[in-house]
>>> print(open('query28.cif').read())   # mmCIF, C-alpha atoms
data_start
#
loop_
_atom_site.label_atom_id
_atom_site.label_comp_id
_atom_site.auth_asym_id
_atom_site.auth_seq_id
_atom_site.Cartn_x
_atom_site.Cartn_y
_atom_site.Cartn_z
CA MET C 18 98.93 96.73 130.52
CA THR C 19 96.57 99.17 128.80
CA ALA C 20 95.51 99.09 125.18
CA THR C 21 97.56 102.21 124.56
CA THR C 22 100.81 100.55 125.51
CA GLN C 23 99.90 97.39 123.68
CA THR C 24 99.58 98.91 120.25
CA ARG C 25 102.57 101.18 119.71
CA PRO C 26 103.69 100.34 116.19
CA ARG C 27 107.25 101.68 116.48
CA SER C 28 108.63 98.36 117.62
CA ALA C 29 108.20 97.18 114.03
CA ARG C 30 111.59 98.76 113.36
CA SER C 31 113.33 95.99 115.20
CA ALA C 32 111.30 92.97 114.10
CA VAL C 33 109.41 91.59 111.15
CA LEU C 34 106.26 91.76 113.28
CA PRO C 35 105.64 94.22 116.12
CA THR C 36 105.81 92.90 119.65
CA GLU C 37 102.55 94.55 120.74
CA PRO C 38 99.76 91.93 120.70
CA VAL C 39 96.96 93.89 118.99
CA LEU C 40 99.04 95.25 116.14
CA ARG C 41 100.83 91.94 115.75
CA ARG C 42 97.54 90.10 115.31
CA LEU C 43 96.31 92.72 112.86
CA ALA C 44 99.57 92.39 110.94
CA VAL C 45 99.26 88.61 110.72
CA MET C 46 95.67 88.84 109.48
CA THR C 47 96.59 91.56 107.00
CA ALA C 48 99.62 89.66 105.69
CA LEU C 49 97.63 86.47 105.22
CA ASN C 50 94.73 88.08 103.38
CA SER C 51 96.96 90.32 101.26
CA PHE C 52 99.12 87.36 100.25
CA GLY C 53 96.00 85.51 99.10
CA ASN C 54 94.74 88.53 97.17
CA GLY C 55 98.15 88.94 95.58
CA LEU C 56 98.01 85.35 94.38
CA PHE C 57 94.74 85.65 92.48
CA PHE C 58 93.85 89.27 91.67
CA PRO C 59 96.70 89.90 89.16
CA VAL C 60 95.73 86.78 87.16
CA SER C 61 91.96 86.95 87.64
CA VAL C 62 91.17 88.55 84.30
CA LEU C 63 93.09 85.83 82.47
CA TYR C 64 91.19 83.17 84.42
CA PHE C 65 87.83 84.66 83.48
CA THR C 66 88.75 85.18 79.82
CA ARG C 67 90.98 82.19 78.98
CA ILE C 68 89.55 79.51 81.28
CA CYS C 69 85.91 80.58 81.75
CA GLY C 70 85.55 81.82 78.16
CA ILE C 71 84.11 85.23 79.07
CA GLY C 72 84.91 88.22 76.85
CA ALA C 73 87.18 90.93 78.22
CA THR C 74 84.49 93.59 77.71
CA GLN C 75 81.97 91.45 79.59
CA VAL C 76 84.44 90.99 82.44
CA GLY C 77 85.01 94.74 82.65
CA PHE C 78 81.27 95.43 82.61
CA GLY C 79 80.66 92.82 85.29
CA LEU C 80 83.34 94.24 87.57
CA THR C 81 81.84 97.72 87.10
CA ILE C 82 78.42 96.40 88.16
CA ALA C 83 80.07 94.74 91.17
CA GLY C 84 81.70 98.06 92.00
CA LEU C 85 78.32 99.80 92.02
CA PHE C 86 77.01 97.27 94.54
CA GLY C 87 80.19 97.80 96.55
CA VAL C 88 79.69 101.56 96.74
CA ALA C 89 76.10 101.05 97.92
CA ALA C 90 77.09 98.48 100.57
CA GLY C 91 79.55 100.61 102.53
CA ILE C 92 77.15 102.79 104.51
CA PRO C 93 74.67 100.06 105.62
CA ALA C 94 77.61 97.92 106.69
CA GLY C 95 78.94 100.84 108.70
CA ARG C 96 75.60 101.22 110.45
CA ALA C 97 75.64 97.49 111.26
CA SER C 98 79.12 97.97 112.71
CA ASP C 99 77.89 100.74 114.99
CA ARG C 100 74.98 98.57 116.14
CA TRP C 101 76.59 95.14 116.59
CA GLY C 102 80.28 95.96 116.82
CA SER C 103 82.99 96.07 114.18
CA ARG C 104 84.51 92.71 115.16
CA ARG C 105 81.26 90.81 114.65
CA VAL C 106 80.38 92.52 111.40
CA ILE C 107 83.83 92.29 109.80
CA ALA C 108 83.96 88.58 110.68
CA VAL C 109 80.66 87.99 108.87
CA LEU C 110 81.77 90.06 105.87
CA TRP C 111 85.11 88.26 105.58
CA LEU C 112 83.43 84.87 105.79
CA GLY C 113 81.07 86.00 103.05
CA CYS C 114 84.02 87.16 100.95
CA GLY C 115 85.61 83.73 101.36
CA VAL C 116 82.46 81.98 100.16
CA ALA C 117 82.06 84.39 97.21
CA MET C 118 85.72 83.98 96.28
CA ALA C 119 85.37 80.20 96.39
CA GLY C 120 82.37 80.62 94.11
CA TYR C 121 84.68 81.84 91.35
CA SER C 122 86.02 78.28 91.11
CA LEU C 123 82.56 77.15 89.94
CA VAL C 124 82.20 79.76 87.20
CA HIS C 125 81.68 78.36 83.70
CA GLY C 126 79.66 81.17 82.14
CA TYR C 127 78.75 84.82 82.42
CA ALA C 128 75.76 84.45 84.75
CA GLY C 129 77.84 82.62 87.36
CA PHE C 130 80.65 85.15 87.02
CA LEU C 131 78.32 88.10 87.48
CA LEU C 132 76.69 86.56 90.56
CA ALA C 133 80.02 85.79 92.21
CA ALA C 134 81.51 89.18 91.26
CA VAL C 135 78.55 91.13 92.65
CA CYS C 136 78.56 89.16 95.91
CA PHE C 137 82.30 89.50 96.36
CA GLY C 138 82.38 93.16 95.34
CA ALA C 139 79.59 94.17 97.72
CA LEU C 140 80.96 92.22 100.70
CA ASN C 141 84.57 93.20 100.11
CA GLN C 142 83.82 96.90 99.71
CA ALA C 143 81.51 96.86 102.74
CA GLY C 144 84.47 95.50 104.67
CA TRP C 145 86.65 98.52 103.86
CA GLY C 146 84.62 100.90 105.99
CA VAL C 147 84.04 98.35 108.74
CA LYS C 148 87.78 97.72 108.85
CA GLY C 149 88.26 101.44 109.47
CA ALA C 150 85.79 101.22 112.34
CA LEU C 151 87.62 98.14 113.63
CA PHE C 152 90.87 100.11 113.81
CA ALA C 153 89.03 102.82 115.75
CA ASP C 154 87.77 100.17 118.19
CA VAL C 155 90.98 98.25 118.83
CA LEU C 156 93.74 100.84 118.33
CA PRO C 157 94.16 103.97 120.47
CA ALA C 158 93.67 107.27 118.66
CA ALA C 159 97.26 108.37 119.34
CA THR C 160 98.78 105.53 117.27
CA ARG C 161 95.90 104.59 114.96
CA VAL C 162 97.14 106.32 111.81
CA GLU C 163 100.75 105.20 112.26
CA ALA C 164 99.50 101.65 112.75
CA ARG C 165 97.52 101.90 109.52
CA GLY C 166 100.70 102.99 107.78
CA TYR C 167 102.49 99.93 109.11
CA LEU C 168 99.64 97.67 108.01
CA ARG C 169 99.74 99.21 104.55
CA MET C 170 103.42 98.36 104.37
CA VAL C 171 102.53 94.78 105.30
CA THR C 172 99.81 94.78 102.62
CA ASN C 173 102.18 95.91 99.87
CA ALA C 174 104.89 93.43 100.78
CA SER C 175 102.46 90.51 101.09
CA MET C 176 100.63 91.25 97.84
CA GLY C 177 103.96 91.55 96.04
CA LEU C 178 105.04 88.15 97.35
CA GLY C 179 101.70 86.61 96.45
CA GLY C 180 101.85 88.10 92.96
CA GLY C 181 105.25 86.57 92.37
CA ILE C 182 104.07 83.10 93.36
CA GLY C 183 100.81 83.54 91.48
CA ALA C 184 102.82 83.93 88.28
CA VAL C 185 103.27 80.14 88.40
CA ALA C 186 99.60 79.78 87.51
CA LEU C 187 100.16 81.96 84.46
CA GLN C 188 102.82 79.56 83.22
CA LEU C 189 100.67 76.47 83.84
CA ASP C 190 97.56 78.22 82.46
CA THR C 191 95.22 75.40 83.51
CA ARG C 192 91.89 75.52 85.30
CA GLY C 193 93.31 73.46 88.15
CA ALA C 194 96.14 75.95 88.77
CA TYR C 195 93.79 78.93 88.82
CA VAL C 196 91.25 77.13 91.03
CA ALA C 197 94.00 76.32 93.53
CA LEU C 198 94.77 80.07 93.79
CA ILE C 199 91.07 80.88 94.18
CA LEU C 200 90.56 78.40 97.03
CA PHE C 201 93.70 79.52 98.81
CA ASP C 202 92.57 83.15 98.53
CA ALA C 203 89.16 82.14 99.92
CA ALA C 204 90.88 80.60 102.94
CA THR C 205 92.80 83.82 103.57
CA PHE C 206 89.46 85.55 104.15
CA ALA C 207 88.06 82.81 106.37
CA ILE C 208 91.04 82.53 108.74
CA PRO C 209 91.16 86.26 109.66
CA ALA C 210 87.38 86.12 110.16
CA LEU C 211 87.95 83.53 112.89
CA LEU C 212 90.83 85.47 114.48
CA VAL C 213 89.34 88.95 114.54
CA ARG C 214 86.84 88.20 117.33
CA SER C 215 89.73 87.76 119.77
CA LEU C 216 91.00 91.32 119.34
CA PRO C 217 90.44 93.34 122.54
CA LEU C 218 88.63 96.67 122.38
CA ASN C 219 90.61 99.76 123.35
CA GLU C 220 89.64 101.71 126.45
CA ALA C 221 87.44 104.23 124.64
CA ALA C 222 85.52 101.56 122.73
CA THR C 223 85.10 99.43 125.85
CA ALA C 224 83.64 102.40 127.72
CA ALA C 225 81.26 103.18 124.86
CA ARG C 226 80.19 99.63 123.98
CA GLY C 227 80.87 97.35 126.86
CA ALA C 228 83.04 94.26 126.73
CA ASP C 229 80.89 92.50 124.11
CA GLY C 230 81.26 95.39 121.64
CA LYS C 231 77.49 95.74 121.17
CA THR C 232 75.73 99.07 121.58
CA ASP C 233 73.32 101.39 119.91
CA THR C 234 74.29 104.81 118.64
CA PRO C 235 72.18 107.80 119.72
CA ALA C 236 69.37 108.36 117.24
CA GLU C 237 70.65 111.78 116.19
CA SER C 238 74.04 110.32 115.19
CA ARG C 239 73.05 107.08 113.46
CA TRP C 240 72.82 108.43 109.91
CA ARG C 241 74.31 111.87 110.38
CA ALA C 242 77.26 111.01 108.12
CA VAL C 243 75.06 110.85 105.00
CA ARG C 244 73.87 114.44 105.57
CA ASP C 245 77.08 115.87 107.03
CA LEU C 246 77.93 118.12 104.07
CA PRO C 247 81.39 119.20 105.30
CA TYR C 248 82.42 115.60 105.89
CA LEU C 249 81.00 114.57 102.52
CA THR C 250 83.03 117.35 100.89
CA VAL C 251 86.24 116.14 102.52
CA THR C 252 85.31 112.60 101.46
CA MET C 253 84.91 113.77 97.86
CA LEU C 254 88.27 115.58 97.88
CA ASN C 255 89.96 112.51 99.30
CA ALA C 256 88.27 110.44 96.57
CA VAL C 257 89.83 112.68 93.93
CA THR C 258 93.30 111.89 95.27
CA MET C 259 92.38 108.19 95.12
CA LEU C 260 92.22 108.48 91.33
CA GLN C 261 96.01 108.11 91.45
CA PHE C 262 95.58 104.34 91.88
CA SER C 263 93.67 104.03 88.61
CA LEU C 264 96.36 106.20 87.10
CA LEU C 265 98.99 103.65 88.10
CA GLU C 266 97.04 100.45 87.48
CA VAL C 267 95.26 101.39 84.24
CA GLY C 268 96.60 104.64 82.87
CA MET C 269 100.33 104.00 83.07
CA PRO C 270 100.38 100.60 81.30
CA LEU C 271 98.28 102.02 78.44
CA TRP C 272 100.28 105.26 78.31
CA ILE C 273 103.63 103.48 78.23
CA ALA C 274 102.53 100.98 75.59
CA GLN C 275 100.66 103.38 73.30
CA ASN C 276 102.22 106.81 73.75
CA THR C 277 105.91 106.33 74.57
CA ASP C 278 108.95 104.54 73.18
CA ALA C 279 109.81 103.08 76.58
CA PRO C 280 110.19 99.28 76.64
CA ARG C 281 107.23 97.30 77.92
CA TRP C 282 109.09 96.24 81.06
CA THR C 283 108.84 99.86 82.19
CA VAL C 284 105.28 99.05 83.32
CA ALA C 285 106.68 96.56 85.84
CA MET C 286 109.38 99.03 86.85
CA VAL C 287 106.79 101.67 87.74
CA MET C 288 104.87 99.16 89.87
CA ILE C 289 108.01 97.93 91.63
CA VAL C 290 109.15 101.50 92.38
CA ASN C 291 105.74 102.22 93.85
CA CYS C 292 105.56 99.08 96.01
CA VAL C 293 109.08 99.41 97.36
CA LEU C 294 108.94 103.12 98.15
CA VAL C 295 105.48 102.93 99.72
CA ALA C 296 106.71 100.10 101.96
CA LEU C 297 109.72 102.22 102.98
CA LEU C 298 108.00 105.58 103.38
CA GLN C 299 104.37 105.06 104.50
CA VAL C 300 105.04 104.58 108.22
CA ARG C 301 107.48 107.48 108.25
CA ALA C 302 104.91 109.71 106.54
CA THR C 303 102.23 108.94 109.13
CA ARG C 304 104.47 110.00 112.02
CA GLY C 305 104.31 113.60 110.86
CA VAL C 306 100.51 113.59 110.51
CA LYS C 307 99.17 113.51 114.04
CA ASP C 308 96.33 116.03 113.95
CA VAL C 309 93.95 117.88 111.65
CA ALA C 310 96.32 120.76 110.91
CA ALA C 311 99.11 118.40 109.88
CA SER C 312 96.64 116.38 107.78
CA VAL C 313 95.55 119.48 105.88
CA ARG C 314 99.18 120.33 105.10
CA ALA C 315 99.82 116.73 104.00
CA MET C 316 96.80 116.66 101.70
CA SER C 317 97.68 120.04 100.16
CA ARG C 318 101.24 118.94 99.45
CA ALA C 319 100.00 115.60 98.15
CA GLY C 320 97.72 117.29 95.61
CA LEU C 321 100.58 119.41 94.31
CA LEU C 322 102.94 116.42 94.14
CA LEU C 323 100.39 114.30 92.28
CA GLY C 324 99.84 117.17 89.86
CA ALA C 325 103.58 117.49 89.32
CA ALA C 326 103.84 113.73 88.71
CA CYS C 327 101.20 113.99 85.98
CA VAL C 328 103.18 116.71 84.21
CA VAL C 329 106.37 114.63 84.40
CA PHE C 330 104.59 111.54 83.06
CA ALA C 331 103.31 113.61 80.14
CA LEU C 332 106.85 114.66 79.23
CA SER C 333 107.84 111.04 78.54
CA ALA C 334 106.05 111.09 75.17
CA GLY C 335 108.35 111.53 72.18
CA LEU C 336 111.57 110.83 74.07
CA SER C 337 114.12 108.15 73.27
CA PRO C 338 113.62 104.86 75.14
CA ILE C 339 116.34 105.60 77.70
CA TRP C 340 115.11 109.10 78.47
CA ALA C 341 111.50 107.93 78.55
CA VAL C 342 112.37 105.33 81.18
CA ALA C 343 114.25 107.95 83.23
CA VAL C 344 111.37 110.44 83.09
CA LEU C 345 108.79 107.79 83.97
CA ALA C 346 110.92 106.66 86.92
CA ALA C 347 111.20 110.27 88.14
CA GLY C 348 107.45 110.73 87.85
CA SER C 349 106.90 107.49 89.76
CA VAL C 350 109.03 108.71 92.65
CA ILE C 351 107.15 112.02 92.82
CA GLN C 352 103.84 110.15 92.73
CA VAL C 353 104.87 107.93 95.65
CA PHE C 354 105.55 110.95 97.87
CA GLY C 355 102.10 112.27 96.98
CA GLU C 356 100.58 108.86 97.66
CA VAL C 357 102.00 108.36 101.15
CA LEU C 358 101.10 111.92 102.19
CA SER C 359 97.55 111.67 100.83
CA SER C 360 97.03 108.31 102.54
CA ALA C 361 98.26 109.59 105.92
CA GLY C 362 96.26 112.81 105.64
CA GLY C 363 93.11 111.07 104.45
CA TRP C 364 93.19 108.46 107.23
CA THR C 365 93.56 111.15 109.89
CA LEU C 366 90.81 113.39 108.53
CA GLY C 367 88.50 110.41 108.08
CA TYR C 368 88.73 109.73 111.83
CA GLU C 369 89.17 113.21 113.30
CA LEU C 370 86.24 114.81 111.47
CA ALA C 371 83.86 111.93 112.21
CA ASP C 372 81.36 111.66 115.03
CA SER C 373 83.12 109.25 117.39
CA ARG C 374 79.73 107.78 118.39
CA ALA C 375 79.14 106.54 114.82
CA HIS C 376 82.52 105.58 113.43
CA GLY C 377 81.00 102.72 111.45
CA VAL C 378 78.72 104.88 109.31
CA TYR C 379 81.35 107.60 108.94
CA GLN C 380 84.03 105.15 107.84
CA GLY C 381 81.46 103.56 105.53
CA VAL C 382 80.85 106.94 103.89
CA PHE C 383 84.58 107.61 103.61
CA SER C 384 85.31 104.20 102.08
CA SER C 385 82.36 104.50 99.69
CA GLY C 386 83.87 107.71 98.36
CA ALA C 387 87.13 105.89 97.74
CA ALA C 388 85.26 103.01 96.07
CA ALA C 389 83.44 105.41 93.76
CA ALA C 390 86.78 106.89 92.72
CA MET C 391 88.24 103.44 92.08
CA MET C 392 85.21 102.57 89.95
CA ALA C 393 85.19 105.77 87.89
CA GLY C 394 88.96 106.15 87.73
CA PRO C 395 89.82 103.79 84.84
CA ALA C 396 87.38 105.49 82.45
CA LEU C 397 88.46 109.00 83.51
CA VAL C 398 92.17 108.26 83.17
CA THR C 399 91.69 106.56 79.81
CA VAL C 400 89.65 109.44 78.38
CA THR C 401 92.02 112.14 79.64
CA ALA C 402 95.68 111.12 79.81
CA VAL C 403 95.66 108.17 77.40
CA GLY C 404 93.18 109.71 74.97
CA HIS C 405 94.37 113.32 74.85
CA GLY C 406 98.05 113.21 75.73
CA PHE C 407 99.54 116.30 77.35
CA ALA C 408 96.20 118.11 77.54
CA GLY C 409 94.69 115.15 79.37
CA TRP C 410 97.62 114.94 81.76
CA ALA C 411 97.32 118.68 82.40
CA PHE C 412 93.65 118.23 83.28
CA LEU C 413 94.50 115.51 85.80
CA ALA C 414 97.34 117.64 87.22
CA ALA C 415 94.95 120.55 87.77
CA LEU C 416 92.35 118.23 89.29
CA PHE C 417 94.80 116.77 91.83
CA ALA C 418 96.23 120.17 92.75
CA ALA C 419 92.79 121.77 93.12
CA ALA C 420 91.57 118.92 95.33
CA GLY C 421 94.61 119.18 97.59
CA LEU C 422 94.28 122.95 97.98
CA ALA C 423 90.51 122.71 98.57
CA VAL C 424 91.00 120.49 101.63
CA ARG C 425 91.87 123.45 103.89
CA PRO C 426 88.60 125.40 103.41
CA ALA C 427 86.60 122.17 103.51
CA VAL C 428 88.14 121.21 106.86
CA ARG C 429 87.53 124.69 108.25
CA TRP C 430 83.88 124.30 107.26
CA ALA C 431 83.77 120.93 109.02
CA GLN C 432 85.28 122.44 112.17
CA ARG C 433 82.82 125.33 112.26
CA ASP C 434 80.00 122.85 111.80
CA GLY C 435 81.48 120.30 114.18
CA GLU C 436 80.63 121.26 117.75
CA TRP C 437 78.20 118.32 117.96
CA ARG C 438 80.90 115.78 117.16
CA GLY C 439 81.91 113.28 119.78
CA GLU C 440 85.55 114.32 119.38
CA LYS C 441 85.79 117.94 118.29
CA ALA C 442 88.69 118.50 115.88
CA SER C 443 91.05 121.40 116.33
CA ALA C 444 93.47 122.94 113.86
#
>>> encode(input="query28.cif", output="structure tokens")
Amino acid sequence: MTATTQTRPRSARSAVLPTEPVLRRLAVMTALNSFGNGLFFPVSVLYFTRICGIGATQVGFGLTIAGLFGVAAGIPAGRASDRWGSRRVIAVLWLGCGVAMAGYSLVHGYAGFLLAAVCFGALNQAGWGVKGALFADVLPAATRVEARGYLRMVTNASMGLGGGIGAVALQLDTRGAYVALILFDAATFAIPALLVRSLPLNEAATAARGADGKTDTPAESRWRAVRDLPYLTVTMLNAVTMLQFSLLEVGMPLWIAQNTDAPRWTVAMVMIVNCVLVALLQVRATRGVKDVAASVRAMSRAGLLLGAACVVFALSAGLSPIWAVAVLAAGSVIQVFGEVLSSAGGWTLGYELADSRAHGVYQGVFSSGAAAAMMAGPALVTVTAVGHGFAGWAFLAALFAAAGLAVRPAVRWAQRDGEWRGEKASA
């Protein structure tokens, strides 16, 4: 049986896990790690502030510093992936993440927190790009994006389950309860690190690397991603759409609490709507995004939908509680459609416009753009939407729409400049 037939994700319709071995193993690793992250990440700030005695501002500053290290780590990790193989490198990074996560259990002051946060942030973010290269190595191109959609569904469901169980630690509110979550989360990095080495390479990766996954990229391609201006432009536009996650995680709770008469539970409602609809729609969205042309259309529509969601969110101010909840729910639904389309389009463009001989560096660049957006997003959303009301929302709406519409000319530029690529894109 070939790798192509092994990794068709459509069988997930009929089972909790797909029957194909490669995707099934990826799903198990993803579910385990996401469950562990769901246990600890939602309660982490309370652990650092209430148990470790660190100020909230200091925690925020420390996580920002960790984010800077994470952005810087993506590209070197991608180069290491191209040189030594994505399976080896991601295993090392995940083991490092497990050690750094376990280090949180030893934190009693700010210096220890900052050290652990920087180590975890750099290793975890470096793993994002290498994980993209791993998917390129073990999944066939024809089903890669759909498989990522399925794995994202698994991520959402597992994190939601972990978050629900992690709420127990909030009720106990003891160091022992939080440390138990930390150590369990650390284990959910270590176990996938041990399993990932057994994943077989797909036919294209085997031909390029050999069975051991080790090779060296041609000298002219090793660092091309960092000077590939069309690809960097597409990366930047994709990063703009990634601001939507800061909008949901930071902007919406503050907006609902400070600028609307909606009840506080509306914050949870928005998150639940997002998690449920993404789980239901992400795989379906990826099936319509098979090539560059379809990805451009998806990104353009996503930008307009995200812009429309911003306008709807803005309209919730000044309404009665019932109408505010209804408007916020409507905006959440619109945002989800933009989210699943932007994810599917971004994944496809990230692969199709890359030099196939250096997927590690290219995916490192792409993930670093996303990390930069996640780092800058909270401040941007707070200053615009939360700080300036409708005018701020209008700015974000225009930003999302402009980014979506700018993808088409950016991709055309990449195609004109892309004859050297290992897999020439066509639209």
>>> residues_near_point(input="query28.cif", point="(90.5, 119.4, 108.8)", cutoff="8 Å", atoms="only C-alpha atoms", output="VMD selection string")
chain C and resid 309 to 310 312 to 313 366 369 to 370 424 to 425 427 to 429 431 to 432 442 to 444
>>> atom_distance(input="query28.cif", atom1="CA of Val344 (chain C)", atom2="CA of Ala174 (chain C)")
25.4 Å
>>> atom_distance(input="query28.cif", atom1="CA of Phe354 (chain C)", atom2="CA of Ile339 (chain C)")
23.5 Å
>>> resolve_selection(input="query28.cif", expression="the PyMOL selection byres ((chain C and resi 332) around 12)", output="VMD selection string")
chain C and resid 272 to 273 276 to 278 325 to 331 333 to 337 340 to 348 402 406 to 408 410 to 411
>>> closest_residue(input="query28.cif", among="C:Ala390, C:Leu189, C:Ala164, C:Val306", to="Val88 (chain C)", atoms="all atoms listed in the file")
C:Ala390
>>> closest_residue(input="query28.cif", among="C:Ala396, C:Ala418, C:Val293, C:Ile107", to="Asn255 (chain C)", atoms="all atoms listed in the file")
C:Ala418
>>> atom_distance(input="query28.cif", atom1="CA of Ser360 (chain C)", atom2="CA of Gly91 (chain C)")
19.1 Å
>>> resolve_selection(input="query28.cif", expression="the PyMOL selection byres ((chain C and resi 87) around 9)", output="number ranges by chain")
C: 82-86, 88-91, 135-143, 385, 388-389
>>> closest_residue(input="query28.cif", among="C:Ala419, C:Val400, C:Val382, C:Val287", to="Val243 (chain C)", atoms="all atoms listed in the file")
C:Val382
>>> residues_near_point(input="query28.cif", point="(92.1, 101.8, 115.7)", cutoff="10 Å", atoms="only C-alpha atoms", output="ChimeraX atom specification")
/C:24,39-40,148-165,218-219,222,368
>>> resolve_selection(input="query28.cif", expression="the PyMOL selection byres ((chain C and resi 68) around 9)", output="ChimeraX atom specification")
/C:63-67,69-71,125,190-192,195
>>> closest_residue(input="query28.cif", among="C:Cys292, C:Val109, C:Ala315, C:Val398", to="Val350 (chain C)", atoms="all atoms listed in the file")
C:Cys292
>>> closest_residue(input="query28.cif", among="C:Leu397, C:Ala134, C:Ala194, C:Leu110", to="Gly95 (chain C)", atoms="all atoms listed in the file")
C:Leu110
>>> closest_residue(input="query28.cif", among="C:Phe52, C:Asp245, C:Gly320, C:Gln261", to="Ala204 (chain C)", atoms="only C-alpha atoms")
C:Phe52
>>> axis_aligned_box(input="query28.cif", around="region 321-332 of chain C", padding_each_side="3 Å", output="lines of an AutoDock Vina configuration file")
center_x = 103.3
center_y = 115.5
center_z = 86.8
size_x = 13.0
size_y = 13.9
size_z = 21.1
